[in-house]
Every structure is written in structure tokens, then in C-alpha cells.
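Engineer: For reference, the structure I am asking about is given below.
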Amino acid sequence: MALNSAPLVTYSPNATVNIRTKNAKGLQAVLQHYSGRKWVTVWKSPGAVATASATAAASYTLSKRRTGTVRALLLKGPATVARSASQSLSYRKWPTWIQSEQGSSLFALNRGRVGAGEQASHTIQLYYTDVARRGRFQQYRAGKWTTLQNLSWKPRAGSWYSTAQTVAAPATTRTVTRKYRLVVDATANDAGLAQTVTLRHENPKDYTGYARQAHEIIKQYCPSTMTTIRPGSYAESMWPENRIELYPGLSAPGLKYVALHECAHVVQRITFRNDHARMSATLNAIYRTTGSSGYELAADCMAFAMGAPDTWAYYTRDCKGERAN
């Protein structure tokens, strides 16, 4: 005989434990709970097991939230015929989950970095809550957590999600690493939540070496755009965290073209307010392309207009007429 797969967890005081039996026809199933240094019977099957192999649903009410130990017995009269292995049973509060289009982790879309003078923001709802909830958005300062914003969520009729609260990391032009924390208080039936994240607020003016060379090229058009130098042979513009990724080893003309091409993507997204669908449709109509081709060709033409050498063109050199507007 055996119980449910361990460990057993319930979020209701009315626990159900399945006792799986084999060759138990005619025997009585019993569930016991270890309490006060002894095993106490908390449930007995109303009758004998009717078939050779069967599952009995043992149910009983837990008096308080805690983790205990249970086991099952098979009895023939007062005699114990078989005994299961003991397993833990936890009566817990409902966990708290956050729901957001920006991810379930605080500031997930920023990937740990924020450009100078910008704010990381996150709009948060609570999943499956039927009572009002309170919390705080905090910053770690001088060895303690300081509350920046008090938060309050309310349930919404007919919805799985609460009302929304938006938090934002304070903007700074300094290059500095800061810790932030989202706290949701516990209730009688809901567990609390504390989620901590570290953000690097990064001012490109503080760059050195190759990254500084790239920033000097793009700063007129992308003054707060962060730059990452990583191994490889391709470049990329990362959004919405306003960052470009470049690869090392480019010649001066090559770096100018690649950096300005990626900066052009930043300008595109700012122009279209991160509406990727509208951006693609508009630029594909101009360049008579489909998919991602429109904004890639446009980024080349924009890079040339910003001073990149067209001898390094990867997507197009044809930037006349409507393409030049």
C-alpha cells in the first residue's frame, strides 16, 4: 500500500489523502497522523476494501497550518496487516503569484540594467485573490529597506486578477547598482511574497575602451542607450531596456556602421512607441518588403543619414526617394 506522491500539500483545512491498496480485499483502510509522539488514527474507511486493488480517499480536517506526518494501515479486525511508509503532509497558506505582461519577476524586461535618467517600471496584478491585499515597493538604502511606495490591490468581480499597481525605480544619471524589493503582505489564508531584484543604473558617459568608442559614435542620436560588448560576430538592439549589443574587433568604419545601425533601431522604436506591429507595417510599405526586412533596410538608410559609411551596407545602399524621408 502507498499514499499520494510525497510530499503531500493542502491549502484547505479539509485534507484528502489517497490510500492506494493492492491485494486488500476484505481489509479496512486507516489513516494515521503523528501527534504528541504517537500515531493517532484520524480516519477509517466506512467498510472493508471491496476489490483486490483499490484507492480509498481518506479525508479529515486539520486544526492548524503546519507540516506533519501521516501513514496508512490495513487492518483485519484489530490487527495490522500492512503499513505504508510515512509521508509529510503540509497545510499551507495559498501562495501569492504576481501577474504582469512584463513578466512574473520584478523588472524582468530590463534584464538587470537601466539607462541613465530612465526608470524601470512594472505594472503588477495579483493572481487569484478574493480579498484586498497590501504591500510595499522598497529600495535598499544604508543597510535597510526603505519604502518608496505603499501598494494596495483589490479583487475584481468576474476576474482571476486583482486591480493593478505600477512601481518604478527612481531615475538617476549615476552609474550605480541598487536593490529593489516588492513585498506583498500575508493574509489569514494567503502567504506573503518578497521578491528582490538588483538593477545596474548605467550612464554610458562612464564607459571606457571599445564601449566608449561606440557611445561616442551614437551619443548624438542615442544618448542614454546602453552598450554591451560580447563575443560573437553579430550585433543586436535589445528592447525595451534601450540597449545595443556589439561584438569586438571591428575596424573604425565597421564600428561606426554597426553602432549606428543598431542605434537606428532604438530611434525606430522610440518613434513608433514600441508598437512593433505598426512599425513593421509602415516600414514594409515604404520598402516593399515583408517580415523584419522593412525595419532592417530602414536602419541601414538611417545609419547612412547619421554618418555611417555605405561601403559597410549589409541590407541596402538604395536610400533614395521615399526611403530617404
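Going through the C-alpha cells in order, the chains are called A, B, and so on, while each chain numbers its residues from 1 and the ligands are numbered from 1 in the order shown.
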Give me, as JSON lines, the closest atom pair and its distance (Å, one decimal) for every residue of region 128-227 of chain A within a cut-off of 9 Å of region 244-247 of chain A, counting only C-alpha atoms, rows sorted by chain and rising number.

Structural biologist:
{"residue": "A:Ala211", "atom": "CA", "partner": "A:Leu246", "partner_atom": "CA", "distance": 8.6}
{"residue": "A:Ala214", "atom": "CA", "partner": "A:Leu246", "partner_atom": "CA", "distance": 8.7}
{"residue": "A:Thr225", "atom": "CA", "partner": "A:Ile244", "partner_atom": "CA", "distance": 7.1}
{"residue": "A:Met226", "atom": "CA", "partner": "A:Ile244", "partner_atom": "CA", "distance": 6.3}
{"residue": "A:Thr227", "atom": "CA", "partner": "A:Ile244", "partner_atom": "CA", "distance": 5.0}

Engineer: Produce a file of the selected residues containing all heavy atoms, as a PDB file, in the first residue's frame.

Structural biologist:
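Output contents, as saved in out_7.pdb:
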ATOM      1  N   ALA A 211      33.627  50.136 -25.716  1.00  0.00           N
ATOM      2  CA  ALA A 211      32.259  50.584 -25.457  1.00  0.00           C
ATOM      3  C   ALA A 211      32.167  52.104 -25.530  1.00  0.00           C
ATOM      4  O   ALA A 211      31.173  52.657 -26.020  1.00  0.00           O
ATOM      5  CB  ALA A 211      31.786  50.087 -24.093  1.00  0.00           C
ATOM      6  N   ALA A 214      32.058  53.217 -29.129  1.00  0.00           N
ATOM      7  CA  ALA A 214      30.725  53.047 -29.697  1.00  0.00           C
ATOM      8  C   ALA A 214      29.779  54.146 -29.221  1.00  0.00           C
ATOM      9  O   ALA A 214      29.000  54.705 -30.010  1.00  0.00           O
ATOM     10  CB  ALA A 214      30.177  51.671 -29.324  1.00  0.00           C
ATOM     11  N   THR A 225      21.438  55.228 -24.505  1.00  0.00           N
ATOM     12  CA  THR A 225      21.419  53.809 -24.877  1.00  0.00           C
ATOM     13  C   THR A 225      22.642  53.095 -24.320  1.00  0.00           C
ATOM     14  O   THR A 225      23.781  53.520 -24.525  1.00  0.00           O
ATOM     15  CB  THR A 225      21.374  53.647 -26.403  1.00  0.00           C
ATOM     16  OG1 THR A 225      20.156  54.219 -26.886  1.00  0.00           O
ATOM     17  CG2 THR A 225      21.435  52.181 -26.808  1.00  0.00           C
ATOM     18  N   MET A 226      22.402  52.008 -23.611  1.00  0.00           N
ATOM     19  CA  MET A 226      23.492  51.216 -23.037  1.00  0.00           C
ATOM     20  C   MET A 226      24.112  50.321 -24.108  1.00  0.00           C
ATOM     21  O   MET A 226      23.439  49.907 -25.056  1.00  0.00           O
ATOM     22  CB  MET A 226      22.962  50.371 -21.882  1.00  0.00           C
ATOM     23  CG  MET A 226      22.410  51.199 -20.734  1.00  0.00           C
ATOM     24  SD  MET A 226      21.640  50.159 -19.455  1.00  0.00           S
ATOM     25  CE  MET A 226      20.161  49.603 -20.303  1.00  0.00           C
ATOM     26  N   THR A 227      25.388  50.027 -23.935  1.00  0.00           N
ATOM     27  CA  THR A 227      26.115  49.203 -24.894  1.00  0.00           C
ATOM     28  C   THR A 227      26.771  48.026 -24.187  1.00  0.00           C
ATOM     29  O   THR A 227      27.431  48.200 -23.160  1.00  0.00           O
ATOM     30  CB  THR A 227      27.196  50.024 -25.620  1.00  0.00           C
ATOM     31  OG1 THR A 227      26.565  51.116 -26.310  1.00  0.00           O
ATOM     32  CG2 THR A 227      27.953  49.169 -26.625  1.00  0.00           C
TER      33      THR A 227
END

Engineer: Using only C-alpha atoms, tabulate the residues of region 175-289 of chain A lying at most 10 Å from any atom of region 145-155 of chain A, each with its closest atom pair and that distance in Å to one decimal, by chain and increasing residue number, as CSV.

Structural biologist:
residue,atom,partner,partner_atom,distance
A:Lys179,CA,A:Trp145,CA,9.1
A:Tyr180,CA,A:Trp145,CA,8.5
A:Arg181,CA,A:Trp145,CA,8.1
A:Leu182,CA,A:Leu151,CA,9.5
A:Val183,CA,A:Leu151,CA,8.9
A:Val184,CA,A:Leu151,CA,8.3
A:Asp185,CA,A:Leu151,CA,10.0

Engineer: Would you mind exporting N, CA, C and O atoms of the selected residues as a compact mmCIF listing (two decimals), in the first residue's frame?

Structural biologist:
# COMPACT_ATOMS: atom_id res chain seq x y z
N LYS A 179 19.40 47.78 -5.15
CA LYS A 179 18.49 46.67 -4.90
C LYS A 179 17.08 47.22 -4.66
O LYS A 179 16.90 48.21 -3.94
N TYR A 180 16.09 46.54 -5.25
CA TYR A 180 14.70 46.89 -5.05
C TYR A 180 13.93 45.65 -4.60
O TYR A 180 14.32 44.51 -4.90
N ARG A 181 12.84 45.88 -3.90
CA ARG A 181 12.07 44.75 -3.39
C ARG A 181 10.57 45.03 -3.49
O ARG A 181 10.10 46.12 -3.17
N LEU A 182 9.83 44.02 -3.95
CA LEU A 182 8.38 44.05 -3.94
C LEU A 182 7.92 43.16 -2.78
O LEU A 182 8.31 42.00 -2.69
N VAL A 183 7.10 43.71 -1.90
CA VAL A 183 6.57 42.96 -0.76
C VAL A 183 5.05 42.94 -0.85
O VAL A 183 4.42 43.98 -1.06
N VAL A 184 4.48 41.75 -0.72
CA VAL A 184 3.02 41.61 -0.61
C VAL A 184 2.75 40.96 0.74
O VAL A 184 3.27 39.88 1.05
N ASP A 185 1.97 41.63 1.59
CA ASP A 185 1.71 41.13 2.94
C ASP A 185 0.84 39.88 2.90
O ASP A 185 -0.01 39.71 2.03

Engineer: Might you pull out every residue within 9 Å of region 99-114 of chain A, with only C-alpha atoms counted and same-chain residues fewer than 3 positions away left off, and present them as a PyMOL selection string?

Structural biologist: chain A and resi 117-127+161+168+171+177+180-182+195-203+226+239-243

Engineer: Generate a file of the selected residues that holds N, CA, C and O atoms, formatted as a short mmCIF file (atom, residue, chain, number, x, y, z; two decimals), in the first residue's frame.

Structural biologist:
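File result-v2.cif, as written:
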data_model
loop_
_atom_site.label_atom_id
_atom_site.label_comp_id
_atom_site.auth_asym_id
_atom_site.auth_seq_id
_atom_site.Cartn_x
_atom_site.Cartn_y
_atom_site.Cartn_z
N GLY A 117 19.09 58.23 -16.42
CA GLY A 117 17.92 59.11 -16.48
C GLY A 117 16.62 58.41 -16.77
O GLY A 117 15.57 59.06 -16.86
N GLU A 118 16.63 57.08 -16.92
CA GLU A 118 15.42 56.33 -17.24
C GLU A 118 14.90 55.61 -16.00
O GLU A 118 15.63 55.40 -15.03
N GLN A 119 13.65 55.21 -16.06
CA GLN A 119 13.03 54.47 -14.97
C GLN A 119 12.64 53.07 -15.45
O GLN A 119 12.12 52.92 -16.56
N ALA A 120 12.91 52.09 -14.62
CA ALA A 120 12.36 50.77 -14.85
C ALA A 120 10.98 50.74 -14.20
O ALA A 120 10.85 51.11 -13.04
N SER A 121 9.96 50.35 -14.94
CA SER A 121 8.62 50.31 -14.37
C SER A 121 8.01 48.93 -14.57
O SER A 121 8.38 48.20 -15.49
N HIS A 122 7.08 48.59 -13.70
CA HIS A 122 6.46 47.28 -13.75
C HIS A 122 5.03 47.40 -13.21
O HIS A 122 4.83 47.87 -12.09
N THR A 123 4.06 46.99 -14.02
CA THR A 123 2.66 47.00 -13.61
C THR A 123 2.26 45.61 -13.15
O THR A 123 2.43 44.64 -13.89
N ILE A 124 1.76 45.52 -11.93
CA ILE A 124 1.57 44.23 -11.27
C ILE A 124 0.12 44.03 -10.86
O ILE A 124 -0.50 44.91 -10.25
N GLN A 125 -0.41 42.86 -11.17
CA GLN A 125 -1.67 42.39 -10.62
C GLN A 125 -1.39 41.13 -9.81
O GLN A 125 -0.38 40.46 -10.02
N LEU A 126 -2.27 40.80 -8.89
CA LEU A 126 -2.16 39.56 -8.13
C LEU A 126 -3.13 38.55 -8.71
O LEU A 126 -4.29 38.87 -9.01
N TYR A 127 -2.66 37.33 -8.84
CA TYR A 127 -3.46 36.26 -9.42
C TYR A 127 -4.29 35.58 -8.35
O TYR A 127 -3.79 35.21 -7.28
N TYR A 161 -7.88 38.18 -11.77
CA TYR A 161 -6.79 39.09 -11.41
C TYR A 161 -7.29 40.29 -10.63
O TYR A 161 -8.39 40.79 -10.86
N ALA A 168 7.96 51.96 -10.02
CA ALA A 168 9.03 52.44 -10.89
C ALA A 168 10.28 52.73 -10.07
O ALA A 168 10.21 53.36 -9.01
N ALA A 171 14.77 57.31 -11.20
CA ALA A 171 15.77 57.56 -12.23
C ALA A 171 17.01 58.19 -11.61
O ALA A 171 16.94 58.93 -10.62
N THR A 177 24.66 50.53 -8.75
CA THR A 177 23.86 49.31 -8.62
C THR A 177 22.98 49.44 -7.39
O THR A 177 23.44 49.77 -6.31
N TYR A 180 16.09 46.54 -5.25
CA TYR A 180 14.70 46.89 -5.05
C TYR A 180 13.93 45.65 -4.60
O TYR A 180 14.32 44.51 -4.90
N ARG A 181 12.84 45.88 -3.90
CA ARG A 181 12.07 44.75 -3.39
C ARG A 181 10.57 45.03 -3.49
O ARG A 181 10.10 46.12 -3.17
N LEU A 182 9.83 44.02 -3.95
CA LEU A 182 8.38 44.05 -3.94
C LEU A 182 7.92 43.16 -2.78
O LEU A 182 8.31 42.00 -2.69
N GLN A 195 9.98 39.75 -3.18
CA GLN A 195 10.75 39.50 -4.39
C GLN A 195 11.78 40.61 -4.56
O GLN A 195 11.43 41.78 -4.64
N THR A 196 13.05 40.24 -4.60
CA THR A 196 14.14 41.22 -4.66
C THR A 196 14.83 41.15 -6.02
O THR A 196 15.03 40.07 -6.57
N VAL A 197 15.21 42.32 -6.52
CA VAL A 197 15.93 42.38 -7.80
C VAL A 197 17.04 43.42 -7.69
O VAL A 197 16.91 44.41 -6.96
N THR A 198 18.12 43.18 -8.40
CA THR A 198 19.23 44.13 -8.46
C THR A 198 19.28 44.76 -9.84
O THR A 198 19.26 44.05 -10.85
N LEU A 199 19.33 46.08 -9.90
CA LEU A 199 19.42 46.81 -11.16
C LEU A 199 20.70 47.63 -11.20
O LEU A 199 21.05 48.29 -10.22
N ARG A 200 21.35 47.59 -12.33
CA ARG A 200 22.50 48.47 -12.56
C ARG A 200 22.02 49.67 -13.37
O ARG A 200 21.61 49.53 -14.53
N HIS A 201 22.03 50.85 -12.75
CA HIS A 201 21.72 52.09 -13.45
C HIS A 201 23.02 52.52 -14.14
O HIS A 201 24.03 52.76 -13.47
N GLU A 202 22.98 52.63 -15.43
CA GLU A 202 24.22 52.73 -16.21
C GLU A 202 24.26 53.99 -17.07
O GLU A 202 23.39 54.21 -17.92
N ASN A 203 25.26 54.83 -16.84
CA ASN A 203 25.45 56.03 -17.66
C ASN A 203 26.55 55.75 -18.67
O ASN A 203 27.72 55.54 -18.30
N MET A 226 22.40 52.01 -23.61
CA MET A 226 23.49 51.22 -23.04
C MET A 226 24.11 50.32 -24.11
O MET A 226 23.44 49.91 -25.06
N TRP A 239 15.39 45.50 -26.69
CA TRP A 239 14.34 46.37 -26.20
C TRP A 239 13.40 45.58 -25.32
O TRP A 239 13.34 44.36 -25.43
N PRO A 240 12.73 46.19 -24.37
CA PRO A 240 12.57 47.64 -24.19
C PRO A 240 13.61 48.27 -23.28
O PRO A 240 13.43 49.40 -22.83
N GLU A 241 14.72 47.58 -22.95
CA GLU A 241 15.65 48.17 -21.98
C GLU A 241 16.62 49.17 -22.59
O GLU A 241 17.54 49.63 -21.91
N ASN A 242 16.46 49.51 -23.89
CA ASN A 242 17.28 50.56 -24.51
C ASN A 242 18.76 50.20 -24.45
O ASN A 242 19.57 50.91 -23.85
N ARG A 243 19.10 49.09 -25.10
CA ARG A 243 20.48 48.60 -25.07
C ARG A 243 20.84 47.99 -26.42
O ARG A 243 20.00 47.39 -27.07
#

Engineer: Figure out the distance between CA of Ala281 (chain A) and CA of Ser233 (chain A), please, to one decimal in Å.

Structural biologist: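 Answer for the CA of Ser233 (chain A) to CA of Ala281 (chain A) separation: 28.7 Å.
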
Engineer: Excluding Ala252 (chain A) and residues on its chain fewer than 2 positions from it, collect all residues at most 12 Å away from it, counting only C-alpha atoms, and give them as a compact mmCIF listing (two decimals) with N, CA, C and O atoms, in the first residue's frame.

Structural biologist:
# COMPACT_ATOMS: atom_id res chain seq x y z
N TYR A 210 36.43 50.14 -25.88
CA TYR A 210 35.64 49.88 -27.09
C TYR A 210 34.20 50.37 -26.92
O TYR A 210 33.61 50.95 -27.83
N GLN A 213 34.08 54.05 -27.37
CA GLN A 213 34.17 54.40 -28.79
C GLN A 213 32.79 54.31 -29.44
O GLN A 213 32.38 55.19 -30.21
N ALA A 214 32.06 53.22 -29.13
CA ALA A 214 30.72 53.05 -29.70
C ALA A 214 29.78 54.15 -29.22
O ALA A 214 29.00 54.70 -30.01
N GLU A 216 30.51 57.19 -28.25
CA GLU A 216 30.85 58.47 -28.88
C GLU A 216 30.24 58.56 -30.28
O GLU A 216 29.88 59.64 -30.74
N ILE A 217 30.12 57.43 -30.95
CA ILE A 217 29.55 57.40 -32.30
C ILE A 217 28.04 57.66 -32.27
O ILE A 217 27.50 58.39 -33.10
N PRO A 248 33.32 42.62 -30.58
CA PRO A 248 34.62 43.29 -30.63
C PRO A 248 35.34 43.06 -31.96
O PRO A 248 34.95 42.23 -32.77
N GLY A 249 36.41 43.84 -32.16
CA GLY A 249 37.30 43.60 -33.30
C GLY A 249 36.95 44.33 -34.57
O GLY A 249 37.62 44.13 -35.59
N LEU A 250 35.92 45.16 -34.58
CA LEU A 250 35.55 45.89 -35.80
C LEU A 250 36.53 47.03 -36.06
O LEU A 250 37.05 47.65 -35.13
N GLY A 254 33.80 50.02 -39.63
CA GLY A 254 32.85 48.95 -39.33
C GLY A 254 32.08 49.22 -38.05
O GLY A 254 30.87 49.03 -37.97
N LEU A 255 32.78 49.69 -37.01
CA LEU A 255 32.13 50.00 -35.75
C LEU A 255 31.13 51.14 -35.94
O LEU A 255 30.04 51.12 -35.36
N LYS A 256 31.49 52.11 -36.76
CA LYS A 256 30.60 53.24 -36.98
C LYS A 256 29.31 52.77 -37.65
O LYS A 256 28.20 53.16 -37.25
N TYR A 257 29.44 51.91 -38.66
CA TYR A 257 28.24 51.42 -39.34
C TYR A 257 27.38 50.56 -38.40
O TYR A 257 26.17 50.77 -38.28
N VAL A 258 27.99 49.61 -37.74
CA VAL A 258 27.23 48.68 -36.91
C VAL A 258 26.57 49.41 -35.74
O VAL A 258 25.39 49.19 -35.44
N ALA A 259 27.31 50.29 -35.07
CA ALA A 259 26.76 51.02 -33.92
C ALA A 259 25.60 51.91 -34.34
O ALA A 259 24.56 51.96 -33.66
N ALA A 308 27.16 56.94 -41.17
CA ALA A 308 27.84 55.66 -41.38
C ALA A 308 28.28 55.53 -42.83
O ALA A 308 27.59 56.02 -43.74
N PRO A 309 29.41 54.89 -43.09
CA PRO A 309 29.86 54.69 -44.47
C PRO A 309 29.02 53.63 -45.18
O PRO A 309 28.84 52.53 -44.65
N TRP A 312 29.83 49.82 -45.94
CA TRP A 312 29.62 48.73 -45.00
C TRP A 312 28.17 48.26 -45.00
O TRP A 312 27.75 47.51 -44.12

Engineer: Run DSSP on the backbone and tell me which residues of region 145-198 of chain A come out as strand (DSSP E); list them as a list in words.

Structural biologist: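 Of region 145-198 of chain A, only Trp145, Thr146, Thr147, Leu148, Gln149, Asn150, Leu151, Ser152, Trp153, Gln165, Thr166, Val167, Ala168, Val176, Thr177, Arg178, Lys179, Tyr180, Arg181, Leu182, Val183, Val184, Leu193, Ala194, Gln195, Thr196, Val197 and Thr198 of chain A fall in strand (DSSP E).
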